[in-house]
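Q: Just passing along the structure, written as structure tokens.
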Amino acid sequence: MLKTLRKIASIGLVSEAAPATDELLRVRSALDERITSVLGHALCIRHVDAGSCNGCELEIQALGNPYHNLEGRNLRFVASPRHADLLLVTGPVVRNMEAALKRVYAATPDPKLVVAVGDCGCTGGILGECPASLGRVSSVIPVDVAVPGCPPSPVRILQGILTAISAPA
Amino acid sequence: MPMRRWWDRAQPVVGAPGARGLGVGGEEWLQVARDVAASGGALLSLWITLEDPGTRAPRTDSPSDTAVYCAYLTDHGVLIVELALAPEDEEPRYPGLEEIFPAASRLQRAAFDLSGVRSSDPDTRPWLNHEKPYEFVRVDGEGVHEIAVGPVHAGTIEPGHFRFSVVGEKVLRLETRLGYVHKGIERRFCGLPILEGHRLAARVSGDSAVAFSWAYCQALEGMGGCAVPRRAVWLRAACLELERLANHIGDLGALGNDAGFAFGLAQFSRLKEDLLRAISAAFGRRYLFDIVVPGGMAVDLSQETADALAVTVRAVCSEAIELRGIYDEHEGVRDRFTAAGCLETPLAVRLGVLGLVGRASGLGRDLRVDVPCPPYTELHVARAVQPGGDVAARVAVRFDEVRESGRLLMQLLSALPDGERAVAMDSPADGAFGVGLVEGWRGPVLVALQAGPEGSIRRCHPHDPSWQNWPALEYAIMGNIVPDFPLINKSFNLAYSGVDL
């Protein structure tokens, strides 16, 4: 126990400042300003892997490390789409996940935001469209913000989330 | 020595060290499998190649190129066995291997979904094809009920479906249903130039980018007769050990968290971020995609950069060892880890379990020691083996491998040989065949590659050891309680994308 406490004390706080929003990531702005100002205070996020290679998942998990201080920014990952304001969707949408993604989207209460993460989510990536894959996320559900990268860094993903909940500049 | 007989008859295959290939007739297919099993070998993979990979159905008018292949891991090296399918059959069939190697069953079902060629396996349920109905095995009895979980899980992980049959909170049976992230990777390979296939290989399972792209390049370079510079080979090993380290460090944090010790997650996820940032400073990317390229490496390191990376690796590993002491002394953590999800050695042997999970159940196989490719021939890796088979054993193997990867990285980064980072290579000749075999962080990663005309890919089959280890998870959970499943599952940490292809 003493070792644990000593470790906590010696490491201290490592949280870093949040990145600025980036209008270039915005695909559409479906929410009016009043709603974004309300949502901006506390946001619940549900991640959906619609066909990813697991690279983007690793960087989304990294968002939870102490450097990024997610909960300190009122952002939280939740276990059910019914609790979520924003869906973070990775991968090209493969045929075997199409129904699940549509159901998750339908189960998320309005008003809802969608951030597509990674090159595959934004464009279909190296896999593109093929008999087993429908390609980009926006071919299946509406997307508000698209964060490219293979995989995008956690800071870039956070920037995408913050852009989605900010009022359009 | 029946195994010796097959080995002597087999012809060398380029790529992985010591690899051989053997063409067999119908009767011999099962005999080889029995002899491999009797000599302590393991089934690595099974796949089917069609005459025309662009169509789903085999072309029976010219079936000489329609064949079923399997890869075995033997004491001598990897043995590829090819069974050409009978020309006169309209619906060719081959003898299933599921009674000798249980892991073959799902491989055969997946191969059918992709090729339309069926084995003799009585389990004909679909695997990758989700358009057909799927029947889970029902467990009957008083008070037995089912819990269905997924494909979308509560955490940030890949999708798959778990069907638990439980009494109260005790698990009687678990059946995993995968294939949700099947994206047609094998077919996509056929649309890429062979000199660019390493990029897709890296994305078979993003957490094993180095392992898959190295295995791909190993096969390709063997086919093209390309002598990879010694410096590039050392840099590849450094990348592979960094990948192992990053994944193990991440898992150790998640395992602490699943045992109710959030401190562990906070500390290990901090260490993982430190490591990823150091990797990014050295190689220009946090995850090592597109860095192992045909002929060598995409990026070189200056000695100054290598030294800076080594400083972070040493710090991360020494903190990990300090945290191991905290885990070991924490009674709550110890209580959750010990005896949870136990996979005993005889069962692990029977199921043909591979890699890290195997080493935690007393199976010592490690390609870096058993059939090392350069530079592991010079590095003398110490294998990490634990006999326990429980979560505690899988945690201990990870800690041991963190220390060993740290040691290897110190050696690799301090003494990078002089020379080029890469040499140019040409596309191999049409029809050339090679295999690559690399010990990734989960276990042996195999890539079987065949060249097509004009620098194209005729066939590429990547294999992740999770194929063998998913069925083992189903056994390990039996008799445990449902709330221990996340912990036990995490201790295996198997690939979804890597097997769904």
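Identifiers in the structure tokens: chain A, B, ... in order shown; residue index from 1 per chain; ligand index from 1 in order shown.
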Within 8 Å of region 128-142 of chain B, counting only C-alpha atoms, which residues show up once you throw out same-chain ones fewer than 2 positions away? Write them as a list in words, please.
A: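 Close residues of region 128-142 of chain B: Asn96 of chain A; Ala110, Asp113, Leu114, Arg125, Pro126, Val144, Arg163, Ser165, Arg173, Glu175, Leu178, Gly179, Tyr180, His182 and Asp500 of chain B.
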Q: Find the residues of chain A in contact range of chain B, meaning any atom within 8 Å when counting only C-alpha atoms, and list them as an mmCIF file with all heavy atoms, in the first residue's frame.
A:
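The resulting file, selection_21.cif, is shown below:
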```cif
data_model
loop_
_atom_site.group_PDB
_atom_site.id
_atom_site.type_symbol
_atom_site.label_atom_id
_atom_site.label_comp_id
_atom_site.auth_asym_id
_atom_site.auth_seq_id
_atom_site.Cartn_x
_atom_site.Cartn_y
_atom_site.Cartn_z
ATOM 1 N N MET A 1 0.831 -1.206 0.000
ATOM 2 C CA MET A 1 0.000 0.000 0.000
ATOM 3 C C MET A 1 0.864 1.253 0.000
ATOM 4 O O MET A 1 0.609 2.197 -0.745
ATOM 5 C CB MET A 1 -0.900 -0.017 1.250
ATOM 6 C CG MET A 1 -1.976 1.049 1.236
ATOM 7 S SD MET A 1 -3.147 0.759 -0.115
ATOM 8 C CE MET A 1 -3.973 2.311 -0.192
ATOM 9 N N LYS A 3 3.895 1.497 -1.083
ATOM 10 C CA LYS A 3 4.535 1.623 -2.397
ATOM 11 C C LYS A 3 3.582 2.291 -3.386
ATOM 12 O O LYS A 3 3.991 3.116 -4.198
ATOM 13 C CB LYS A 3 4.905 0.236 -2.933
ATOM 14 C CG LYS A 3 6.207 -0.314 -2.412
ATOM 15 C CD LYS A 3 6.536 -1.596 -3.167
ATOM 16 C CE LYS A 3 7.676 -2.346 -2.515
ATOM 17 N NZ LYS A 3 7.787 -3.713 -3.036
ATOM 18 N N THR A 4 2.303 1.887 -3.342
ATOM 19 C CA THR A 4 1.306 2.435 -4.262
ATOM 20 C C THR A 4 1.155 3.937 -4.031
ATOM 21 O O THR A 4 1.172 4.726 -4.972
ATOM 22 C CB THR A 4 -0.048 1.725 -4.047
ATOM 23 O OG1 THR A 4 0.172 0.326 -4.101
ATOM 24 C CG2 THR A 4 -1.068 2.136 -5.082
ATOM 25 N N HIS A 47 -18.259 4.201 -28.428
ATOM 26 C CA HIS A 47 -17.401 3.791 -29.543
ATOM 27 C C HIS A 47 -18.020 2.592 -30.256
ATOM 28 O O HIS A 47 -18.540 1.688 -29.612
ATOM 29 C CB HIS A 47 -16.002 3.420 -29.015
ATOM 30 C CG HIS A 47 -15.238 2.531 -29.946
ATOM 31 N ND1 HIS A 47 -15.032 1.206 -29.692
ATOM 32 C CD2 HIS A 47 -14.666 2.792 -31.144
ATOM 33 C CE1 HIS A 47 -14.341 0.679 -30.696
ATOM 34 N NE2 HIS A 47 -14.107 1.609 -31.581
ATOM 35 N N VAL A 48 -17.982 2.609 -31.600
ATOM 36 C CA VAL A 48 -18.424 1.452 -32.375
ATOM 37 C C VAL A 48 -17.341 1.105 -33.395
ATOM 38 O O VAL A 48 -16.964 1.946 -34.215
ATOM 39 C CB VAL A 48 -19.740 1.727 -33.141
ATOM 40 C CG1 VAL A 48 -20.226 0.448 -33.825
ATOM 41 C CG2 VAL A 48 -20.812 2.265 -32.217
ATOM 42 N N ASP A 49 -16.854 -0.116 -33.317
ATOM 43 C CA ASP A 49 -15.919 -0.634 -34.318
ATOM 44 C C ASP A 49 -16.760 -1.285 -35.408
ATOM 45 O O ASP A 49 -17.395 -2.306 -35.184
ATOM 46 C CB ASP A 49 -14.980 -1.641 -33.648
ATOM 47 C CG ASP A 49 -14.058 -2.350 -34.639
ATOM 48 O OD1 ASP A 49 -14.291 -2.268 -35.859
ATOM 49 O OD2 ASP A 49 -13.105 -2.997 -34.181
ATOM 50 N N ALA A 50 -16.775 -0.672 -36.595
ATOM 51 C CA ALA A 50 -17.624 -1.181 -37.671
ATOM 52 C C ALA A 50 -16.828 -1.997 -38.687
ATOM 53 O O ALA A 50 -17.343 -2.326 -39.751
ATOM 54 C CB ALA A 50 -18.338 -0.018 -38.355
ATOM 55 N N GLY A 51 -15.554 -2.297 -38.347
ATOM 56 C CA GLY A 51 -14.759 -3.102 -39.280
ATOM 57 C C GLY A 51 -13.281 -2.747 -39.246
ATOM 58 O O GLY A 51 -12.531 -3.100 -40.153
ATOM 59 N N SER A 52 -12.858 -2.071 -38.197
ATOM 60 C CA SER A 52 -11.489 -1.582 -38.061
ATOM 61 C C SER A 52 -10.474 -2.722 -37.917
ATOM 62 O O SER A 52 -10.822 -3.854 -37.598
ATOM 63 C CB SER A 52 -11.438 -0.700 -36.823
ATOM 64 O OG SER A 52 -10.129 -0.490 -36.403
ATOM 65 N N CYS A 53 -9.178 -2.386 -38.132
ATOM 66 C CA CYS A 53 -8.106 -3.369 -37.938
ATOM 67 C C CYS A 53 -7.663 -3.409 -36.482
ATOM 68 O O CYS A 53 -6.761 -4.168 -36.139
ATOM 69 C CB CYS A 53 -6.918 -3.042 -38.830
ATOM 70 S SG CYS A 53 -5.916 -1.646 -38.254
ATOM 71 N N ASN A 54 -8.221 -2.564 -35.634
ATOM 72 C CA ASN A 54 -7.884 -2.444 -34.209
ATOM 73 C C ASN A 54 -6.814 -1.383 -33.971
ATOM 74 O O ASN A 54 -6.484 -1.092 -32.829
ATOM 75 C CB ASN A 54 -7.425 -3.784 -33.600
ATOM 76 C CG ASN A 54 -7.548 -3.818 -32.084
ATOM 77 O OD1 ASN A 54 -8.430 -3.148 -31.525
ATOM 78 N ND2 ASN A 54 -6.699 -4.560 -31.414
ATOM 79 N N GLY A 55 -6.300 -0.766 -35.011
ATOM 80 C CA GLY A 55 -5.325 0.311 -34.835
ATOM 81 C C GLY A 55 -5.979 1.536 -34.204
ATOM 82 O O GLY A 55 -5.484 2.092 -33.226
ATOM 83 N N GLU A 57 -8.684 1.625 -32.474
ATOM 84 C CA GLU A 57 -9.136 1.284 -31.117
ATOM 85 C C GLU A 57 -8.024 1.556 -30.106
ATOM 86 O O GLU A 57 -8.262 2.049 -29.014
ATOM 87 C CB GLU A 57 -9.552 -0.183 -31.030
ATOM 88 C CG GLU A 57 -10.939 -0.488 -31.567
ATOM 89 C CD GLU A 57 -11.139 -0.081 -32.995
ATOM 90 O OE1 GLU A 57 -10.221 -0.258 -33.809
ATOM 91 O OE2 GLU A 57 -12.204 0.462 -33.307
ATOM 92 N N LEU A 58 -6.778 1.206 -30.503
ATOM 93 C CA LEU A 58 -5.652 1.416 -29.581
ATOM 94 C C LEU A 58 -5.499 2.896 -29.271
ATOM 95 O O LEU A 58 -5.221 3.274 -28.127
ATOM 96 C CB LEU A 58 -4.365 0.863 -30.194
ATOM 97 C CG LEU A 58 -4.316 -0.658 -30.396
ATOM 98 C CD1 LEU A 58 -3.037 -1.054 -31.127
ATOM 99 C CD2 LEU A 58 -4.415 -1.397 -29.072
ATOM 100 N N ILE A 60 -7.909 5.185 -29.474
ATOM 101 C CA ILE A 60 -9.065 5.642 -28.680
ATOM 102 C C ILE A 60 -8.864 5.233 -27.211
ATOM 103 O O ILE A 60 -9.140 6.005 -26.295
ATOM 104 C CB ILE A 60 -10.386 5.075 -29.252
ATOM 105 C CG1 ILE A 60 -10.654 5.674 -30.627
ATOM 106 C CG2 ILE A 60 -11.560 5.367 -28.304
ATOM 107 C CD1 ILE A 60 -11.821 5.049 -31.366
ATOM 108 N N GLN A 61 -8.342 4.016 -27.008
ATOM 109 C CA GLN A 61 -8.025 3.605 -25.637
ATOM 110 C C GLN A 61 -6.996 4.555 -25.015
ATOM 111 O O GLN A 61 -7.085 4.899 -23.842
ATOM 112 C CB GLN A 61 -7.480 2.177 -25.617
ATOM 113 C CG GLN A 61 -8.552 1.112 -25.831
ATOM 114 C CD GLN A 61 -7.958 -0.253 -26.152
ATOM 115 O OE1 GLN A 61 -6.757 -0.479 -26.052
ATOM 116 N NE2 GLN A 61 -8.809 -1.172 -26.563
ATOM 117 N N ALA A 62 -6.034 5.006 -25.840
ATOM 118 C CA ALA A 62 -4.996 5.902 -25.334
ATOM 119 C C ALA A 62 -5.579 7.248 -24.889
ATOM 120 O O ALA A 62 -4.990 7.938 -24.058
ATOM 121 C CB ALA A 62 -3.911 6.109 -26.386
ATOM 122 N N ASN A 65 -5.774 7.620 -21.193
ATOM 123 C CA ASN A 65 -4.610 7.676 -20.290
ATOM 124 C C ASN A 65 -4.520 9.030 -19.597
ATOM 125 O O ASN A 65 -5.151 9.997 -20.024
ATOM 126 C CB ASN A 65 -3.320 7.245 -21.016
ATOM 127 C CG ASN A 65 -2.783 8.298 -21.982
ATOM 128 O OD1 ASN A 65 -2.789 9.486 -21.688
ATOM 129 N ND2 ASN A 65 -2.339 7.845 -23.143
ATOM 130 N N PRO A 66 -3.742 9.095 -18.508
ATOM 131 C CA PRO A 66 -3.771 10.318 -17.680
ATOM 132 C C PRO A 66 -3.338 11.583 -18.412
ATOM 133 O O PRO A 66 -3.731 12.681 -18.012
ATOM 134 C CB PRO A 66 -2.779 9.998 -16.554
ATOM 135 C CG PRO A 66 -2.664 8.518 -16.519
ATOM 136 C CD PRO A 66 -2.895 8.036 -17.914
ATOM 137 N N TYR A 67 -2.554 11.459 -19.485
ATOM 138 C CA TYR A 67 -2.107 12.662 -20.195
ATOM 139 C C TYR A 67 -3.280 13.439 -20.795
ATOM 140 O O TYR A 67 -3.220 14.644 -20.936
ATOM 141 C CB TYR A 67 -1.150 12.289 -21.342
ATOM 142 C CG TYR A 67 0.222 11.866 -20.865
ATOM 143 C CD1 TYR A 67 0.600 10.528 -20.842
ATOM 144 C CD2 TYR A 67 1.133 12.823 -20.428
ATOM 145 C CE1 TYR A 67 1.862 10.147 -20.408
ATOM 146 C CE2 TYR A 67 2.394 12.457 -19.983
ATOM 147 C CZ TYR A 67 2.751 11.112 -19.976
ATOM 148 O OH TYR A 67 3.995 10.750 -19.530
ATOM 149 N N VAL A 78 -19.266 5.626 -22.546
ATOM 150 C CA VAL A 78 -20.358 4.915 -21.880
ATOM 151 C C VAL A 78 -20.567 3.549 -22.545
ATOM 152 O O VAL A 78 -20.136 3.323 -23.672
ATOM 153 C CB VAL A 78 -21.670 5.736 -21.900
ATOM 154 C CG1 VAL A 78 -21.534 6.970 -21.028
ATOM 155 C CG2 VAL A 78 -22.055 6.115 -23.324
ATOM 156 N N ALA A 79 -21.257 2.674 -21.827
ATOM 157 C CA ALA A 79 -21.369 1.284 -22.254
ATOM 158 C C ALA A 79 -22.522 1.048 -23.220
ATOM 159 O O ALA A 79 -22.575 0.021 -23.881
ATOM 160 C CB ALA A 79 -21.499 0.384 -21.033
ATOM 161 N N SER A 80 -23.463 1.993 -23.302
ATOM 162 C CA SER A 80 -24.616 1.762 -24.172
ATOM 163 C C SER A 80 -24.864 2.981 -25.046
ATOM 164 O O SER A 80 -24.722 4.124 -24.589
ATOM 165 C CB SER A 80 -25.862 1.499 -23.320
ATOM 166 O OG SER A 80 -27.017 1.579 -24.146
ATOM 167 N N VAL A 94 -18.159 -2.757 -42.550
ATOM 168 C CA VAL A 94 -18.226 -4.031 -43.265
ATOM 169 C C VAL A 94 -19.658 -4.561 -43.238
ATOM 170 O O VAL A 94 -20.460 -4.189 -42.373
ATOM 171 C CB VAL A 94 -17.231 -5.069 -42.685
ATOM 172 C CG1 VAL A 94 -15.804 -4.608 -42.884
ATOM 173 C CG2 VAL A 94 -17.515 -5.362 -41.233
ATOM 174 N N ARG A 95 -19.952 -5.424 -44.206
ATOM 175 C CA ARG A 95 -21.319 -5.915 -44.354
ATOM 176 C C ARG A 95 -21.840 -6.581 -43.080
ATOM 177 O O ARG A 95 -22.987 -6.393 -42.692
ATOM 178 C CB ARG A 95 -21.381 -6.892 -45.522
ATOM 179 C CG ARG A 95 -22.644 -6.801 -46.329
ATOM 180 C CD ARG A 95 -22.485 -7.406 -47.700
ATOM 181 N NE ARG A 95 -22.105 -6.432 -48.712
ATOM 182 C CZ ARG A 95 -22.917 -5.499 -49.202
ATOM 183 N NH1 ARG A 95 -24.162 -5.374 -48.765
ATOM 184 N NH2 ARG A 95 -22.511 -4.662 -50.129
ATOM 185 N N ASN A 96 -20.944 -7.326 -42.398
ATOM 186 C CA ASN A 96 -21.380 -8.048 -41.197
ATOM 187 C C ASN A 96 -21.614 -7.130 -39.999
ATOM 188 O O ASN A 96 -22.112 -7.576 -38.973
ATOM 189 C CB ASN A 96 -20.346 -9.138 -40.833
ATOM 190 C CG ASN A 96 -20.353 -10.292 -41.830
ATOM 191 O OD1 ASN A 96 -21.219 -10.357 -42.702
ATOM 192 N ND2 ASN A 96 -19.395 -11.194 -41.694
ATOM 193 N N MET A 97 -21.229 -5.840 -40.122
ATOM 194 C CA MET A 97 -21.474 -4.894 -39.025
ATOM 195 C C MET A 97 -22.500 -3.824 -39.416
ATOM 196 O O MET A 97 -22.832 -2.962 -38.609
ATOM 197 C CB MET A 97 -20.168 -4.211 -38.598
ATOM 198 C CG MET A 97 -19.305 -5.015 -37.648
ATOM 199 S SD MET A 97 -20.140 -5.483 -36.111
ATOM 200 C CE MET A 97 -20.276 -3.884 -35.299
ATOM 201 N N ALA A 100 -25.629 -3.875 -37.183
ATOM 202 C CA ALA A 100 -25.311 -3.478 -35.798
ATOM 203 C C ALA A 100 -25.087 -1.971 -35.714
ATOM 204 O O ALA A 100 -25.569 -1.313 -34.793
ATOM 205 C CB ALA A 100 -24.074 -4.236 -35.308
ATOM 206 N N ILE A 126 -7.535 1.669 -47.171
ATOM 207 C CA ILE A 126 -6.863 0.717 -48.061
ATOM 208 C C ILE A 126 -7.828 -0.364 -48.537
ATOM 209 O O ILE A 126 -7.654 -0.963 -49.580
ATOM 210 C CB ILE A 126 -5.622 0.117 -47.362
ATOM 211 C CG1 ILE A 126 -4.745 -0.647 -48.365
ATOM 212 C CG2 ILE A 126 -6.010 -0.766 -46.192
ATOM 213 C CD1 ILE A 126 -3.394 -1.055 -47.833
ATOM 214 N N LEU A 127 -8.904 -0.594 -47.767
ATOM 215 C CA LEU A 127 -9.848 -1.650 -48.137
ATOM 216 C C LEU A 127 -10.891 -1.158 -49.131
ATOM 217 O O LEU A 127 -11.344 -1.904 -49.993
ATOM 218 C CB LEU A 127 -10.529 -2.195 -46.892
ATOM 219 C CG LEU A 127 -9.566 -3.033 -46.058
ATOM 220 C CD1 LEU A 127 -9.890 -2.940 -44.592
ATOM 221 C CD2 LEU A 127 -9.573 -4.459 -46.527
ATOM 222 N N CYS A 130 -15.811 -3.131 -51.274
ATOM 223 C CA CYS A 130 -15.628 -4.447 -51.878
ATOM 224 C C CYS A 130 -16.858 -5.260 -51.492
ATOM 225 O O CYS A 130 -17.714 -4.773 -50.756
ATOM 226 C CB CYS A 130 -14.329 -5.075 -51.379
ATOM 227 S SG CYS A 130 -14.389 -5.593 -49.668
ATOM 228 N N PRO A 131 -16.981 -6.492 -51.997
ATOM 229 C CA PRO A 131 -18.200 -7.242 -51.666
ATOM 230 C C PRO A 131 -18.453 -7.368 -50.157
ATOM 231 O O PRO A 131 -19.595 -7.453 -49.735
ATOM 232 C CB PRO A 131 -17.925 -8.612 -52.301
ATOM 233 C CG PRO A 131 -17.000 -8.331 -53.424
ATOM 234 C CD PRO A 131 -16.135 -7.200 -52.963
ATOM 235 N N ALA A 132 -17.382 -7.343 -49.354
ATOM 236 C CA ALA A 132 -17.571 -7.523 -47.913
ATOM 237 C C ALA A 132 -17.635 -6.201 -47.163
ATOM 238 O O ALA A 132 -17.930 -6.170 -45.979
ATOM 239 C CB ALA A 132 -16.446 -8.389 -47.347
ATOM 240 N N SER A 133 -17.354 -5.064 -47.854
ATOM 241 C CA SER A 133 -17.243 -3.784 -47.147
ATOM 242 C C SER A 133 -17.943 -2.663 -47.897
ATOM 243 O O SER A 133 -17.842 -2.557 -49.121
ATOM 244 C CB SER A 133 -15.757 -3.441 -46.966
ATOM 245 O OG SER A 133 -15.615 -2.098 -46.565
ATOM 246 N N PRO A 151 -3.237 5.075 -37.629
ATOM 247 C CA PRO A 151 -4.422 5.670 -37.021
ATOM 248 C C PRO A 151 -4.159 7.124 -36.638
ATOM 249 O O PRO A 151 -3.016 7.512 -36.483
ATOM 250 C CB PRO A 151 -4.606 4.809 -35.761
ATOM 251 C CG PRO A 151 -3.217 4.393 -35.374
ATOM 252 C CD PRO A 151 -2.424 4.307 -36.662
ATOM 253 N N SER A 153 -3.767 10.217 -34.092
ATOM 254 C CA SER A 153 -3.275 10.224 -32.704
ATOM 255 C C SER A 153 -4.431 10.548 -31.757
ATOM 256 O O SER A 153 -5.430 11.121 -32.173
ATOM 257 C CB SER A 153 -2.176 11.272 -32.554
ATOM 258 O OG SER A 153 -2.758 12.566 -32.677
#
```
Q: Considering only C-alpha atoms, return as a ChimeraX atom specification whatever protein or nucleic-acid residues lie within 8 Å of region 442-444 of chain B, sequence-local ones (same chain, fewer than 3 positions apart) excluded.
A: /B:354-357,366-367,437-439,464-466,494
Q: Just how far from CA of Gly440 (chain B) is CA of Leu88 (chain A), in Å to one decimal?
A: 28.8 Å
Q: So which one's closest to Glu186 (chain B), B:Lys490, B:Arg230, B:His461, B:His248? Using only C-alpha atoms, please.
A: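 Distance minimum relative to Glu186 (chain B) lands on B:His461.
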Q: May I have all residues of region 59-157 of chain A that DSSP, computed from the backbone, assigns to helix (DSSP H, G or I), given as a PyMOL selection string?
A: chain A and resi 59-62+71-73+81-83+95-107+118-123+137-139+154-157
Q: Residues of region 12-117 of chain A that have any atom at most 10 Å from an atom of region 154-162 of chain A: could you tabulate them with the shortest-distance atom pair and the distance in Å to one decimal, using only C-alpha atoms, ordered by chain and increasing number, as a Markdown table?
A:
```
| residue | atom | partner | partner_atom | distance |
| --- | --- | --- | --- | --- |
| A:Ala18 | CA | A:Leu158 | CA | 8.0 |
| A:Pro19 | CA | A:Gln159 | CA | 5.8 |
| A:Ala20 | CA | A:Gln159 | CA | 6.5 |
| A:Thr21 | CA | A:Gln159 | CA | 5.4 |
| A:Asp22 | CA | A:Gln159 | CA | 6.6 |
| A:Glu23 | CA | A:Gly160 | CA | 9.0 |
| A:Leu24 | CA | A:Gly160 | CA | 9.5 |
| A:Leu25 | CA | A:Gly160 | CA | 6.5 |
| A:Arg26 | CA | A:Gly160 | CA | 7.9 |
| A:Gly40 | CA | A:Leu162 | CA | 8.3 |
| A:Leu43 | CA | A:Ile161 | CA | 9.5 |
| A:Ile45 | CA | A:Ile161 | CA | 9.2 |
| A:Cys56 | CA | A:Pro154 | CA | 9.1 |
| A:Leu58 | CA | A:Pro154 | CA | 9.1 |
| A:Glu59 | CA | A:Pro154 | CA | 5.4 |
| A:Ile60 | CA | A:Pro154 | CA | 6.2 |
| A:Gln61 | CA | A:Pro154 | CA | 8.4 |
| A:Ala62 | CA | A:Pro154 | CA | 6.3 |
| A:Leu63 | CA | A:Pro154 | CA | 5.3 |
| A:Gly64 | CA | A:Pro154 | CA | 9.0 |
| A:Asn65 | CA | A:Pro154 | CA | 9.7 |
| A:Tyr67 | CA | A:Val155 | CA | 10.0 |
| A:His68 | CA | A:Val155 | CA | 7.8 |
| A:Leu70 | CA | A:Leu158 | CA | 8.7 |
| A:Arg73 | CA | A:Leu162 | CA | 9.8 |
| A:Leu75 | CA | A:Ile161 | CA | 9.2 |
| A:Leu86 | CA | A:Ile161 | CA | 8.4 |
| A:Leu87 | CA | A:Ile161 | CA | 9.6 |
| A:Leu88 | CA | A:Ile161 | CA | 8.4 |
| A:Leu113 | CA | A:Ile161 | CA | 9.2 |
| A:Val114 | CA | A:Ile161 | CA | 9.0 |
| A:Val115 | CA | A:Ile161 | CA | 6.8 |
| A:Ala116 | CA | A:Gly160 | CA | 8.9 |
| A:Val117 | CA | A:Ile157 | CA | 7.1 |
```
Q: At what distance in Å, to one decimal, does CA of Ile48 (chain B) lie from CA of Gly21 (chain B)?
A: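 If I compute the distance from CA of Gly21 (chain B) to CA of Ile48 (chain B), I get 15.3 Å.
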Q: Might you pull out every residue within 7 Å of Gly431 (chain B), with only C-alpha atoms counted and same-chain residues fewer than 4 positions away left off, and present them as a VMD selection string?
A: chain B and resid 450 to 452
Q: Those same residues - all heavy atoms - I'd like them written as a PDB file, in the first residue's frame.
A:
```pdb
ATOM      1  N   GLN B 450       1.746 -16.132 -52.778  1.00  0.00           N
ATOM      2  CA  GLN B 450       2.056 -16.636 -54.116  1.00  0.00           C
ATOM      3  C   GLN B 450       1.950 -15.490 -55.110  1.00  0.00           C
ATOM      4  O   GLN B 450       0.969 -14.725 -55.089  1.00  0.00           O
ATOM      5  CB  GLN B 450       1.114 -17.778 -54.506  1.00  0.00           C
ATOM      6  CG  GLN B 450       1.599 -18.489 -55.761  1.00  0.00           C
ATOM      7  CD  GLN B 450       0.763 -19.701 -56.118  1.00  0.00           C
ATOM      8  OE1 GLN B 450      -0.350 -19.859 -55.627  1.00  0.00           O
ATOM      9  NE2 GLN B 450       1.295 -20.550 -56.979  1.00  0.00           N
ATOM     10  N   ALA B 451       2.962 -15.365 -55.952  1.00  0.00           N
ATOM     11  CA  ALA B 451       2.993 -14.270 -56.932  1.00  0.00           C
ATOM     12  C   ALA B 451       2.141 -14.601 -58.140  1.00  0.00           C
ATOM     13  O   ALA B 451       2.043 -15.757 -58.553  1.00  0.00           O
ATOM     14  CB  ALA B 451       4.438 -14.011 -57.366  1.00  0.00           C
ATOM     15  N   GLY B 452       1.518 -13.575 -58.701  1.00  0.00           N
ATOM     16  CA  GLY B 452       0.788 -13.702 -59.953  1.00  0.00           C
ATOM     17  C   GLY B 452       1.612 -13.072 -61.071  1.00  0.00           C
ATOM     18  O   GLY B 452       2.759 -12.659 -60.843  1.00  0.00           O
TER      19      GLY B 452
END
```
Q: Which neighbours of Glu404 (chain B) fall inside 8 Å, counting only C-alpha atoms, when residues of the same chain fewer than 3 positions from it are skipped, and could you give them as a PyMOL selection string?
A: chain B and resi 381-382+400-401+407-408
Q: Which residues in region 421-452 of chain B does DSSP call strand (DSSP E or B)? List them as a list in words.
A: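 Answer for region 421-452 of chain B restricted to strand (DSSP E or B) is Ala422, Phe433, Gly434, Val435, Gly436, Leu437, Val438, Glu439, Pro444, Val445, Leu446, Val447, Ala448, Leu449, Gln450 and Ala451 of chain B.
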Q: For Leu22 (chain B), list every protein, DNA or RNA residue within 10 Å, evaluated using only C-alpha atoms, and leave out those in the same chain fewer than 5 positions away; present the list as a PyMOL selection string.
A: chain B and resi 6-13+32+69+79-83
Q: Can you work out the spacing between CA of His83 (chain A) and CA of Ala164 (chain A) in Å, to one decimal?
A: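 Result for CA of His83 (chain A) versus CA of Ala164 (chain A): 17.6 Å, one decimal.
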